[in-house]
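File shown here: query.cif, holding mmCIF, C-alpha atoms.
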data_structure
loop_
_atom_site.label_atom_id
_atom_site.label_comp_id
_atom_site.auth_asym_id
_atom_site.auth_seq_id
_atom_site.Cartn_x
_atom_site.Cartn_y
_atom_site.Cartn_z
CA MET A 1 -29.10 146.73 -179.52
CA GLY A 2 -28.69 145.15 -182.90
CA TRP A 3 -25.99 142.92 -181.46
CA LEU A 4 -28.77 141.21 -179.47
CA PHE A 5 -31.67 141.20 -181.87
CA GLY A 6 -30.05 141.30 -185.33
CA LYS A 7 -28.95 144.15 -187.58
CA LYS A 8 -30.99 147.29 -187.33
CA ASP A 9 -30.18 150.83 -188.46
CA ASP A 10 -30.86 152.57 -185.14
CA GLY A 11 -28.25 155.30 -185.46
CA LEU A 12 -25.84 153.85 -182.91
CA TYR A 13 -22.11 154.17 -183.44
CA ARG A 14 -20.74 150.79 -184.51
CA GLY A 15 -16.99 151.46 -184.80
CA ASP A 16 -14.79 153.35 -187.22
CA PRO A 17 -15.06 152.38 -190.86
CA PRO A 18 -11.94 151.11 -192.56
CA VAL A 19 -9.56 153.84 -193.64
CA SER A 20 -10.08 152.76 -197.22
CA THR A 21 -13.77 153.76 -197.21
CA ALA A 22 -15.18 156.48 -199.36
CA VAL A 23 -15.80 158.78 -196.47
CA LEU A 24 -12.10 159.59 -196.35
CA GLY A 25 -12.08 160.50 -199.99
CA GLN A 26 -10.57 157.26 -201.23
CA ALA A 27 -12.04 154.73 -203.55
CA PRO A 28 -14.64 152.32 -202.05
CA ASP A 29 -13.24 149.18 -200.44
CA ARG A 30 -13.82 146.39 -202.91
CA LEU A 31 -13.45 143.81 -200.19
CA ASN A 32 -16.15 145.38 -198.01
CA PRO A 33 -19.27 146.22 -200.03
CA ALA A 34 -21.08 147.38 -196.92
CA TYR A 35 -18.95 150.50 -196.85
CA GLN A 36 -19.43 151.37 -200.48
CA GLY A 37 -21.08 154.67 -201.04
CA ASN A 38 -24.61 155.09 -202.25
CA PRO A 39 -24.45 156.49 -205.77
CA GLN A 40 -27.83 158.10 -205.25
CA SER A 41 -26.73 159.77 -201.99
CA PRO A 42 -23.19 161.08 -201.64
CA ALA A 43 -21.39 160.03 -198.50
CA GLN A 44 -21.54 162.47 -195.59
CA PRO A 45 -18.31 163.84 -194.23
CA PHE A 46 -16.99 161.75 -191.38
CA THR A 47 -17.12 164.52 -188.85
CA VAL A 48 -20.87 165.17 -189.30
CA ARG A 49 -21.82 161.48 -189.32
CA ALA A 50 -19.63 160.70 -186.29
CA ALA A 51 -21.21 163.59 -184.37
CA GLN A 52 -24.69 162.29 -185.08
CA GLN A 53 -23.74 158.76 -184.07
CA SER A 54 -21.99 159.94 -180.92
CA THR A 55 -25.02 162.02 -179.88
CA ALA A 56 -27.38 159.07 -180.44
CA ALA A 57 -25.06 156.74 -178.51
CA ALA A 58 -24.92 159.18 -175.62
CA ALA A 59 -28.71 159.26 -175.45
CA GLN A 60 -28.85 155.48 -175.59
CA ALA A 61 -26.20 155.14 -172.91
CA ALA A 62 -28.03 157.63 -170.70
CA ALA A 63 -31.01 155.30 -170.80
CA PHE A 64 -28.81 152.69 -169.10
CA GLY A 65 -27.38 155.13 -166.59
CA ALA A 66 -23.91 155.15 -168.16
CA VAL A 67 -21.60 158.15 -167.96
CA GLN A 68 -20.58 159.17 -171.45
CA ALA A 69 -17.95 161.46 -172.76
CA PRO A 70 -19.27 164.75 -174.12
CA PRO A 71 -20.55 164.50 -177.68
CA VAL A 72 -18.07 165.21 -180.45
CA ALA A 73 -18.44 168.63 -181.91
CA PRO A 74 -18.64 168.99 -185.66
CA GLY A 75 -15.22 169.16 -187.16
CA GLN A 76 -13.50 167.45 -184.22
CA PRO A 77 -12.10 163.90 -184.32
CA PRO A 78 -14.17 161.34 -182.33
CA THR A 79 -12.95 159.89 -179.04
CA HIS A 80 -12.32 156.17 -179.33
CA ALA A 81 -11.37 155.31 -175.69
CA ILE A 82 -14.75 153.61 -174.92
CA PRO A 83 -17.18 153.29 -177.79
CA PRO A 84 -20.67 154.45 -176.75
CA GLU A 85 -22.31 151.11 -177.50
CA VAL A 86 -19.75 149.35 -175.30
CA ALA A 87 -20.37 151.88 -172.55
CA ALA A 88 -24.11 151.28 -172.88
CA ALA A 89 -23.60 147.54 -172.65
CA MET A 90 -21.35 148.01 -169.64
CA ALA A 91 -23.95 150.23 -167.95
CA TYR A 92 -26.66 147.69 -168.65
CA ALA A 93 -24.47 144.92 -167.21
CA GLN A 94 -23.78 147.00 -164.11
CA ASN A 95 -27.49 147.61 -163.63
CA GLN A 96 -28.17 143.90 -164.03
CA GLN A 97 -25.44 143.11 -161.52
CA ARG A 98 -26.94 145.55 -158.99
CA PHE A 99 -30.42 144.02 -159.57
CA VAL A 100 -29.13 140.47 -159.10
CA THR A 101 -27.22 141.51 -155.96
CA ARG A 102 -30.34 143.12 -154.45
CA THR A 103 -32.44 140.07 -155.39
CA ILE A 104 -30.00 137.60 -153.85
CA THR A 105 -29.69 139.74 -150.72
CA ARG A 106 -33.47 139.92 -150.26
CA SER A 107 -33.78 136.19 -150.98
CA MET A 108 -31.17 135.37 -148.37
CA VAL A 109 -32.94 137.57 -145.83
CA GLY A 110 -36.27 135.94 -146.72
CA PHE A 111 -34.68 132.52 -146.36
CA LEU A 112 -32.75 133.15 -143.14
CA LEU A 113 -35.47 135.08 -141.29
CA PRO A 114 -37.95 132.13 -141.23
CA LEU A 115 -35.11 129.87 -140.15
CA LEU A 116 -34.33 132.18 -137.26
CA LEU A 117 -38.02 132.38 -136.35
CA VAL A 118 -38.48 128.61 -136.62
CA GLY A 119 -35.35 128.05 -134.61
CA GLY A 120 -36.66 130.35 -131.91
CA LEU A 121 -40.01 128.60 -131.90
CA VAL A 122 -38.35 125.20 -131.70
CA VAL A 123 -36.24 126.30 -128.76
CA ALA A 124 -39.29 127.84 -127.09
CA GLY A 125 -41.25 124.67 -127.88
CA PHE A 126 -38.65 122.53 -126.15
CA VAL A 127 -38.81 124.80 -123.14
CA VAL A 128 -42.64 124.70 -123.07
CA VAL A 129 -42.83 120.95 -123.69
CA GLY A 130 -40.24 120.37 -121.02
CA GLY A 131 -42.25 122.43 -118.57
CA LEU A 132 -45.47 120.76 -119.67
CA GLY A 133 -43.88 117.36 -119.23
CA ASP A 134 -42.90 118.31 -115.70
CA GLU A 135 -46.43 119.55 -115.08
CA ILE A 136 -47.96 116.36 -116.48
CA GLY A 137 -45.57 114.29 -114.45
CA ASP A 138 -46.58 116.20 -111.33
CA ARG A 139 -50.25 115.87 -112.20
CA PHE A 140 -50.21 112.15 -112.85
CA SER A 141 -47.91 111.06 -110.06
CA SER A 142 -49.78 110.30 -106.87
CA GLY A 143 -48.36 110.79 -103.44
CA ARG A 144 -48.43 107.03 -102.99
CA SER A 145 -45.92 104.66 -104.49
CA GLY A 146 -48.62 103.05 -106.60
CA PRO A 147 -50.77 99.98 -106.14
CA GLY A 148 -49.17 96.98 -104.58
CA ARG A 149 -51.36 93.93 -104.54
CA PRO A 150 -54.81 94.90 -105.91
CA PHE A 151 -57.79 94.77 -103.59
CA GLU A 152 -59.71 91.54 -104.18
CA GLY A 153 -63.42 92.30 -104.08
CA VAL A 154 -66.59 90.23 -104.05
CA VAL A 155 -69.77 91.14 -105.94
CA GLY A 156 -72.43 92.33 -103.50
CA ALA A 157 -70.02 93.13 -100.66
CA PRO A 158 -68.55 96.60 -99.96
CA GLY A 159 -64.78 96.93 -100.01
CA ASP A 160 -62.28 99.66 -99.08
CA VAL A 161 -60.24 100.57 -102.13
CA ALA A 162 -57.26 102.94 -102.35
CA LEU A 163 -56.94 104.83 -105.63
CA GLY A 164 -54.05 107.28 -105.94
CA ASP A 165 -54.33 109.79 -103.10
CA ASN A 166 -57.92 108.84 -102.29
CA ASP A 167 -59.87 106.08 -100.58
CA TYR A 168 -63.28 104.73 -101.58
CA ARG A 169 -65.80 102.22 -100.35
CA ILE A 170 -66.97 100.44 -103.47
CA THR A 171 -69.76 97.93 -103.90
CA ILE A 172 -70.26 96.02 -107.15
CA GLU A 173 -73.97 95.33 -106.87
CA ALA A 174 -74.80 93.32 -109.99
CA ALA A 175 -73.56 92.36 -113.45
CA THR A 176 -75.86 91.75 -116.40
CA ALA A 177 -75.04 90.59 -119.94
CA GLN A 178 -77.56 92.54 -122.02
CA PRO A 179 -78.25 91.22 -125.55
CA SER A 180 -79.50 94.64 -126.71
CA ALA A 181 -79.18 98.35 -126.11
CA ALA A 182 -81.24 100.13 -123.48
CA TRP A 183 -84.92 100.66 -124.28
CA GLY A 184 -85.34 103.17 -127.10
CA SER A 185 -81.59 103.58 -127.75
CA SER A 186 -80.16 103.46 -131.26
CA PHE A 187 -76.61 102.76 -130.00
CA THR A 188 -76.49 99.06 -130.70
CA PRO A 189 -73.53 96.97 -129.47
CA ALA A 190 -70.77 96.42 -132.01
CA SER A 191 -69.93 93.07 -130.45
CA GLY A 192 -73.55 91.95 -130.18
CA ALA A 193 -74.07 92.57 -126.46
CA PHE A 194 -73.26 94.81 -123.50
CA LEU A 195 -71.90 93.83 -120.10
CA VAL A 196 -73.55 96.20 -117.61
CA ILE A 197 -72.09 96.60 -114.10
CA GLN A 198 -74.15 98.30 -111.38
CA LEU A 199 -72.10 99.79 -108.54
CA SER A 200 -71.84 102.46 -105.85
CA LEU A 201 -68.84 104.44 -104.58
CA THR A 202 -68.35 106.56 -101.46
CA ARG A 203 -65.22 108.63 -100.90
CA THR A 204 -63.83 108.07 -97.41
CA ASP A 205 -60.61 110.16 -97.28
CA ARG A 206 -60.30 113.90 -96.67
CA ASN A 207 -57.25 114.77 -98.73
CA ALA A 208 -57.17 118.11 -100.51
CA ASP A 209 -56.50 116.48 -103.87
CA VAL A 210 -58.92 114.17 -105.64
CA ASP A 211 -58.20 111.83 -108.56
CA GLN A 212 -60.85 111.65 -111.28
CA ILE A 213 -62.38 108.27 -112.05
CA SER A 214 -63.35 108.00 -115.73
CA TRP A 215 -65.15 105.32 -117.73
CA PHE A 216 -61.86 104.12 -119.24
CA ASP A 217 -60.44 103.46 -115.74
CA TRP A 218 -62.71 100.41 -115.64
CA GLU A 219 -61.53 97.34 -117.55
CA PHE A 220 -62.98 93.90 -118.10
CA VAL A 221 -60.74 90.92 -118.78
CA PRO A 222 -62.86 88.05 -120.18
CA GLU A 223 -62.12 84.47 -119.22
CA SER A 224 -61.32 83.99 -122.88
CA GLY A 225 -60.80 86.95 -125.16
CA GLU A 226 -59.21 90.38 -125.20
CA LEU A 227 -59.40 93.09 -122.55
CA VAL A 228 -62.00 95.82 -123.14
CA GLU A 229 -62.30 99.28 -121.60
CA GLY A 230 -65.49 100.87 -120.37
CA ALA A 231 -67.69 102.35 -123.09
CA LEU A 232 -68.47 106.09 -123.12
CA ILE A 233 -71.71 105.60 -125.07
CA ALA A 234 -72.85 102.31 -123.64
CA GLY A 235 -75.99 101.53 -125.57
CA GLY A 236 -77.93 104.28 -123.83
CA TYR A 237 -77.74 102.60 -120.41
CA GLU A 238 -78.18 105.10 -117.57
CA PRO A 239 -77.07 106.47 -115.21
CA LEU A 240 -73.61 105.96 -116.69
CA LEU A 241 -70.74 106.87 -114.35
CA SER A 242 -68.58 108.32 -117.12
CA THR A 243 -66.65 110.78 -114.94
CA LEU A 244 -66.49 111.01 -111.16
CA ILE A 245 -64.83 113.66 -109.00
CA LEU A 246 -66.17 112.95 -105.52
CA GLN A 247 -65.71 115.18 -102.49
CA PRO A 248 -65.21 113.61 -99.04
CA ASP A 249 -68.27 111.55 -98.00
CA ASP A 250 -69.89 111.94 -101.45
CA THR A 251 -71.61 108.86 -102.91
CA ALA A 252 -72.33 108.00 -106.54
CA THR A 253 -74.56 105.18 -107.73
CA GLY A 254 -74.83 104.08 -111.34
CA LEU A 255 -73.21 101.78 -113.83
CA VAL A 256 -70.32 101.16 -116.17
CA ALA A 257 -70.72 99.12 -119.34
CA PHE A 258 -68.56 97.22 -121.79
CA ASP A 259 -69.24 96.40 -125.45
CA THR A 260 -68.63 92.66 -125.25
CA THR A 261 -70.47 89.37 -125.47
CA ALA A 262 -68.39 87.93 -122.63
CA SER A 263 -70.18 87.40 -119.32
CA VAL A 264 -67.43 85.77 -117.22
CA GLY A 265 -64.12 87.42 -116.33
CA THR A 266 -62.48 90.00 -114.07
CA LEU A 267 -63.55 93.62 -113.51
CA ARG A 268 -60.60 95.92 -112.74
CA LEU A 269 -60.27 99.51 -111.50
CA THR A 270 -57.06 100.96 -112.91
CA ASN A 271 -55.22 104.18 -113.64
CA PHE A 272 -51.78 105.21 -114.94
CA ASP A 273 -50.11 103.58 -111.91
CA GLY A 274 -51.67 100.15 -112.38
CA THR A 275 -54.56 98.07 -111.04
CA TRP A 276 -55.93 99.07 -107.61
CA ALA A 277 -58.87 96.66 -107.26
CA GLN A 278 -60.50 93.75 -109.06
CA TRP A 279 -63.65 91.65 -108.78
CA PRO A 280 -64.52 88.26 -110.34
CA ILE A 281 -67.61 88.64 -112.52
CA THR A 282 -70.19 86.09 -113.63
CA ALA A 283 -72.94 88.10 -115.27
CA ALA A 284 -76.57 87.08 -115.41
CA THR A 285 -78.12 86.98 -118.88
CA PRO A 286 -81.74 88.19 -118.94
CA ALA A 287 -84.19 86.09 -120.88
CA VAL A 288 -86.96 87.14 -123.20
CA VAL A 289 -90.10 87.28 -121.07
CA ALA A 290 -92.97 84.99 -122.04
CA GLY A 291 -96.04 86.95 -121.07
CA GLU A 292 -99.55 85.77 -120.34
CA LEU A 293 -102.57 87.54 -121.79
CA ALA A 294 -104.23 89.98 -119.38
CA THR A 295 -101.25 89.75 -116.96
CA GLY A 296 -98.67 92.49 -116.60
CA VAL A 297 -95.04 91.63 -117.23
CA ARG A 298 -91.83 93.59 -116.91
CA PRO A 299 -89.26 92.85 -119.61
CA GLU A 300 -85.74 92.11 -118.36
CA VAL A 301 -83.80 92.80 -121.54
CA GLY A 302 -82.80 96.41 -122.15
CA GLN A 303 -83.58 97.53 -118.59
CA THR A 304 -87.03 98.64 -119.74
CA PRO A 305 -88.54 101.25 -117.39
CA PHE A 306 -92.13 99.92 -117.55
CA SER A 307 -94.44 96.94 -117.30
CA VAL A 308 -96.89 96.00 -120.07
CA THR A 309 -100.15 94.07 -120.33
CA VAL A 310 -101.53 92.55 -123.54
CA ALA A 311 -105.19 91.48 -123.47
CA ASN A 312 -108.38 90.76 -125.39
CA PRO A 313 -107.08 89.56 -128.77
CA ARG A 314 -109.79 89.62 -131.47
CA TRP A 315 -110.19 89.60 -135.25
CA ILE A 316 -112.11 92.15 -137.29
CA SER A 317 -112.77 92.28 -141.01
CA THR A 318 -113.68 94.80 -143.69
CA GLY A 319 -116.95 96.50 -142.83
CA ASP A 320 -116.27 96.64 -139.09
CA PRO A 321 -116.70 100.21 -137.75
CA ALA A 322 -113.20 100.02 -136.22
CA VAL A 323 -111.55 99.49 -139.61
CA ARG A 324 -109.86 102.66 -140.78
CA ILE A 325 -108.03 101.22 -143.80
CA VAL A 326 -109.19 98.17 -145.75
CA PRO A 327 -106.84 95.28 -144.78
CA ALA A 328 -104.89 93.67 -147.59
CA SER A 329 -105.18 90.29 -145.86
CA GLY A 330 -108.92 90.68 -145.36
CA SER A 331 -108.69 90.96 -141.55
CA TYR A 332 -106.96 92.62 -138.59
CA LEU A 333 -105.69 91.15 -135.33
CA VAL A 334 -106.49 93.72 -132.64
CA LEU A 335 -105.01 93.76 -129.11
CA GLU A 336 -105.55 95.98 -126.10
CA VAL A 337 -102.25 97.17 -124.63
CA THR A 338 -101.69 98.93 -121.29
CA VAL A 339 -98.29 100.30 -120.26
CA THR A 340 -97.30 101.51 -116.78
CA ALA A 341 -94.07 103.44 -116.15
CA ASP A 342 -91.88 102.34 -113.25
CA GLU A 343 -92.18 104.40 -110.11
CA GLY A 344 -89.93 107.43 -110.15
CA VAL A 345 -89.04 107.19 -113.84
CA LEU A 346 -91.09 110.18 -114.99
CA ALA A 347 -90.26 112.19 -111.89
CA ALA A 348 -86.57 111.88 -112.77
CA GLY A 349 -87.18 113.89 -115.93
CA SER A 350 -86.85 111.07 -118.43
CA GLY A 351 -89.49 109.72 -120.77
CA PHE A 352 -90.15 106.98 -123.29
CA SER A 353 -92.64 106.05 -125.98
CA PHE A 354 -94.20 103.17 -127.90
CA GLY A 355 -94.66 103.22 -131.66
CA TYR A 356 -95.85 100.90 -134.41
CA ALA A 357 -92.31 99.61 -134.91
CA ASN A 358 -92.25 98.22 -131.35
CA TRP A 359 -94.77 95.46 -132.16
CA GLN A 360 -94.92 92.56 -134.60
CA PHE A 361 -97.15 89.53 -135.15
CA THR A 362 -95.78 86.30 -136.59
CA PRO A 363 -98.46 83.87 -137.81
CA ALA A 364 -97.71 80.21 -137.19
CA GLY A 365 -95.54 79.15 -140.11
CA GLY A 366 -95.78 82.64 -141.68
CA THR A 367 -93.86 85.89 -142.06
CA SER A 368 -93.76 88.59 -139.37
CA VAL A 369 -96.14 91.55 -139.83
CA PRO A 370 -95.50 94.96 -138.19
CA SER A 371 -98.30 96.81 -136.47
CA GLY A 372 -100.03 99.67 -138.27
CA PHE A 373 -102.66 102.36 -137.87
CA GLY A 374 -105.37 100.72 -139.97
CA VAL A 375 -107.62 100.30 -136.93
CA VAL A 376 -109.35 103.13 -135.09
CA GLY A 377 -107.80 103.66 -131.66
CA THR A 378 -104.26 102.58 -132.54
CA GLU A 379 -102.16 105.44 -131.23
CA ILE A 380 -98.53 106.00 -130.26
CA LEU A 381 -98.03 106.02 -126.49
CA ALA A 382 -95.71 108.69 -125.07
CA PHE A 383 -94.71 109.08 -121.42
CA SER A 384 -93.15 112.24 -120.03
CA PRO A 385 -92.82 114.05 -116.69
CA GLY A 386 -96.12 115.46 -115.46
CA GLN A 387 -98.18 112.98 -117.49
CA PRO A 388 -100.05 109.91 -116.15
CA SER A 389 -97.81 106.92 -115.55
CA THR A 390 -100.35 104.51 -117.12
CA SER A 391 -101.75 104.68 -120.63
CA SER A 392 -103.62 102.33 -123.00
CA THR A 393 -104.04 101.93 -126.75
CA LEU A 394 -104.95 99.39 -129.43
CA VAL A 395 -102.42 97.50 -131.52
CA GLY A 396 -103.50 96.17 -134.90
CA PHE A 397 -101.88 93.83 -137.44
CA ASP A 398 -102.98 93.34 -141.06
CA ALA A 399 -102.81 89.53 -141.00
CA PRO A 400 -105.01 86.54 -141.88
CA ARG A 401 -106.88 84.83 -139.08
CA GLY A 402 -104.86 82.20 -137.23
CA ALA A 403 -102.66 81.48 -134.26
CA GLY A 404 -99.27 83.13 -133.85
CA THR A 405 -96.93 85.14 -131.61
CA VAL A 406 -96.94 88.85 -130.72
CA ASP A 407 -93.51 90.32 -129.90
CA LEU A 408 -92.48 93.53 -128.11
CA LEU A 409 -89.38 94.85 -129.90
CA ASN A 410 -86.64 97.24 -128.84
CA SER A 411 -85.41 99.98 -131.19
CA ASP A 412 -82.57 97.74 -132.34
CA GLY A 413 -85.00 94.97 -133.31
CA SER A 414 -84.24 92.68 -130.38
CA VAL A 415 -87.21 90.82 -128.82
CA LEU A 416 -88.02 91.81 -125.22
CA ALA A 417 -91.23 89.88 -124.55
CA THR A 418 -93.63 87.55 -126.38
CA TRP A 419 -97.31 86.51 -126.08
CA GLN A 420 -98.94 83.52 -127.68
CA ILE A 421 -102.11 84.34 -129.61
CA PRO A 422 -104.60 81.47 -129.98
CA ALA A 423 -106.50 80.74 -133.17
CA PRO A 424 -109.91 82.44 -133.35
#
Spit out the file's structure as structure tokens when you get a sec.
Amino acid sequence: MGWLFGKKDDGLYRGDPPVSTAVLGQAPDRLNPAYQGNPQSPAQPFTVRAAQQSTAAAAQAAAFGAVQAPPVAPGQPPTHAIPPEVAAAMAYAQNQQRFVTRTITRSMVGFLLPLLLVGGLVVAGFVVVGGLGDEIGDRFSSGRSGPGRPFEGVVGAPGDVALGDNDYRITIEAATAQPSAAWGSSFTPASGAFLVIQLSLTRTDRNADVDQISWFDWEFVPESGELVEGALIAGGYEPLLSTLILQPDDTATGLVAFDTTASVGTLRLTNFDGTWAQWPITAATPAVVAGELATGVRPEVGQTPFSVTVANPRWISTGDPAVRIVPASGSYLVLEVTVTADEGVLAAGSGFSFGYANWQFTPAGGTSVPSGFGVVGTEILAFSPGQPSTSSTLVGFDAPRGAGTVDLLNSDGSVLATWQIPAP
């Protein structure tokens, strides 16, 4: 392989020497020093050297799978039809050609097979999608031609509404623009408020098929602003009518809600066919309740499920037996608080609680102070099914003596009710 990697004496036959070389008994070729004899080692007879080279070439060619002529016997002239090194090179080239052919063949199979598979999947996909499209079309096409003129409803009055293959008696009972989430909810409105619609539905037809009514089938178009769909997580307001599949004569009562600050507009019941009914809406906006000391009040904001009474405001200082932690301001404002759950709330399996973060005191002209546990008797109130519906505790504020305002806060920080605290 010296022809690839440079000259190397590896015993391979490299062609007949010129006839003028010393091996034929003539004088060395002056023009070709490479064939001059070694004075220290007499030249071997041609027949012996050729036999050795032919035998070595045959072994080398065999390594490449080439078919060689039988080796030249001593004393016989060499065969020059195909030199052994040429035969070896030819065998190597043939092997390389077979390897490349196999590689290309396998590559083509590897390339074409995925194409055939993908092509089959694409064809199958078109068949499946086509069938699925037909199925979807069948599923979402009602037996009716679609809504004509939408039913025009009035808040507070029941109305007969057609929806797809079904009929309902629907009453929009009330609409409220809530400036906060429901009591205790952390899902605050992105817009700054929720529009809450209370309603009831009764299915009046007896068809075998029933169309589902989902939260997004309700839309609100503000008098000014963009259309909004019903919210799936509507600030924790319950019971949310997120999905309805009513059987004949079934009734559902609850609410739908929209994340919007708008309070005037049009409520619409829609589906893929269009609008089936609509009601003009002018929502009431609940106000923050101004409570009186020792008188129970029920907050309107956040649909709170309780009433609360704040009474007996007093100031205590360091050294009082009720002081648990020395006040930084030198005194505590202490209030007696009584909370009563609405009837049926705990029986329904829901509960609620009051913590320190639900109260704050704002001194006149000062900064708001949250309630704390520095006074003995200040505990968190928790209401749950099976427990009494009325419970009392103390609320304390580390604040200097003086007049101010006590606020009941929702979890989102909105004010639900306030009480004026007189100066001591």
- Task: Spell out the residues picked by the PyMOL selection byres ((chain A and resi 205-217) around 9) here, as a ChimeraX atom specification.
- Result: /A:142,163-168,203-204,218-219,229-232,240-249,256-257,268-272
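Remark: for Ser389 in chain A, the closest of the candidate residues A:Gly351, A:Gly265, A:Pro147, A:Pro158 is A:Gly351 (distances computed over all atoms listed in the file).
In this structure, CA of Thr266 in chain A sits 13.9 Å away from CA of Ala177 in chain A.
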- Message: From (-100.6, 101.7, -130.2), in the file's coordinates, out to 12 Å: which residues are reached, counting only C-alpha atoms? Answer as a ChimeraX atom specification.
- Response: /A:310,334-339,353-360,370-382,391-397,408
Just write the chosen residues, C-alpha atoms, as an mmCIF file, in the frame of the given file.
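Full text of again_36.cif as output:
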data_model
loop_
_atom_site.group_PDB
_atom_site.id
_atom_site.type_symbol
_atom_site.label_atom_id
_atom_site.label_comp_id
_atom_site.auth_asym_id
_atom_site.auth_seq_id
_atom_site.Cartn_x
_atom_site.Cartn_y
_atom_site.Cartn_z
ATOM 1 C CA VAL A 310 -101.530 92.550 -123.540
ATOM 2 C CA VAL A 334 -106.490 93.720 -132.640
ATOM 3 C CA LEU A 335 -105.010 93.760 -129.110
ATOM 4 C CA GLU A 336 -105.550 95.980 -126.100
ATOM 5 C CA VAL A 337 -102.250 97.170 -124.630
ATOM 6 C CA THR A 338 -101.690 98.930 -121.290
ATOM 7 C CA VAL A 339 -98.290 100.300 -120.260
ATOM 8 C CA SER A 353 -92.640 106.050 -125.980
ATOM 9 C CA PHE A 354 -94.200 103.170 -127.900
ATOM 10 C CA GLY A 355 -94.660 103.220 -131.660
ATOM 11 C CA TYR A 356 -95.850 100.900 -134.410
ATOM 12 C CA ALA A 357 -92.310 99.610 -134.910
ATOM 13 C CA ASN A 358 -92.250 98.220 -131.350
ATOM 14 C CA TRP A 359 -94.770 95.460 -132.160
ATOM 15 C CA GLN A 360 -94.920 92.560 -134.600
ATOM 16 C CA PRO A 370 -95.500 94.960 -138.190
ATOM 17 C CA SER A 371 -98.300 96.810 -136.470
ATOM 18 C CA GLY A 372 -100.030 99.670 -138.270
ATOM 19 C CA PHE A 373 -102.660 102.360 -137.870
ATOM 20 C CA GLY A 374 -105.370 100.720 -139.970
ATOM 21 C CA VAL A 375 -107.620 100.300 -136.930
ATOM 22 C CA VAL A 376 -109.350 103.130 -135.090
ATOM 23 C CA GLY A 377 -107.800 103.660 -131.660
ATOM 24 C CA THR A 378 -104.260 102.580 -132.540
ATOM 25 C CA GLU A 379 -102.160 105.440 -131.230
ATOM 26 C CA ILE A 380 -98.530 106.000 -130.260
ATOM 27 C CA LEU A 381 -98.030 106.020 -126.490
ATOM 28 C CA ALA A 382 -95.710 108.690 -125.070
ATOM 29 C CA SER A 391 -101.750 104.680 -120.630
ATOM 30 C CA SER A 392 -103.620 102.330 -123.000
ATOM 31 C CA THR A 393 -104.040 101.930 -126.750
ATOM 32 C CA LEU A 394 -104.950 99.390 -129.430
ATOM 33 C CA VAL A 395 -102.420 97.500 -131.520
ATOM 34 C CA GLY A 396 -103.500 96.170 -134.900
ATOM 35 C CA PHE A 397 -101.880 93.830 -137.440
ATOM 36 C CA LEU A 408 -92.480 93.530 -128.110
#
Take the PyMOL selection byres ((chain A and resi 277) around 10), apply it to the structure above, and return the hits as an mmCIF file with C-alpha atoms, keeping the file's coordinate frame.
data_model
loop_
_atom_site.group_PDB
_atom_site.id
_atom_site.type_symbol
_atom_site.label_atom_id
_atom_site.label_comp_id
_atom_site.auth_asym_id
_atom_site.auth_seq_id
_atom_site.Cartn_x
_atom_site.Cartn_y
_atom_site.Cartn_z
ATOM 1 C CA PRO A 147 -50.770 99.980 -106.140
ATOM 2 C CA ARG A 149 -51.360 93.930 -104.540
ATOM 3 C CA PRO A 150 -54.810 94.900 -105.910
ATOM 4 C CA PHE A 151 -57.790 94.770 -103.590
ATOM 5 C CA GLU A 152 -59.710 91.540 -104.180
ATOM 6 C CA GLY A 153 -63.420 92.300 -104.080
ATOM 7 C CA GLY A 159 -64.780 96.930 -100.010
ATOM 8 C CA ASP A 160 -62.280 99.660 -99.080
ATOM 9 C CA VAL A 161 -60.240 100.570 -102.130
ATOM 10 C CA ALA A 162 -57.260 102.940 -102.350
ATOM 11 C CA LEU A 163 -56.940 104.830 -105.630
ATOM 12 C CA ILE A 170 -66.970 100.440 -103.470
ATOM 13 C CA TRP A 218 -62.710 100.410 -115.640
ATOM 14 C CA LEU A 267 -63.550 93.620 -113.510
ATOM 15 C CA ARG A 268 -60.600 95.920 -112.740
ATOM 16 C CA LEU A 269 -60.270 99.510 -111.500
ATOM 17 C CA THR A 270 -57.060 100.960 -112.910
ATOM 18 C CA GLY A 274 -51.670 100.150 -112.380
ATOM 19 C CA THR A 275 -54.560 98.070 -111.040
ATOM 20 C CA TRP A 276 -55.930 99.070 -107.610
ATOM 21 C CA GLN A 278 -60.500 93.750 -109.060
ATOM 22 C CA TRP A 279 -63.650 91.650 -108.780
#
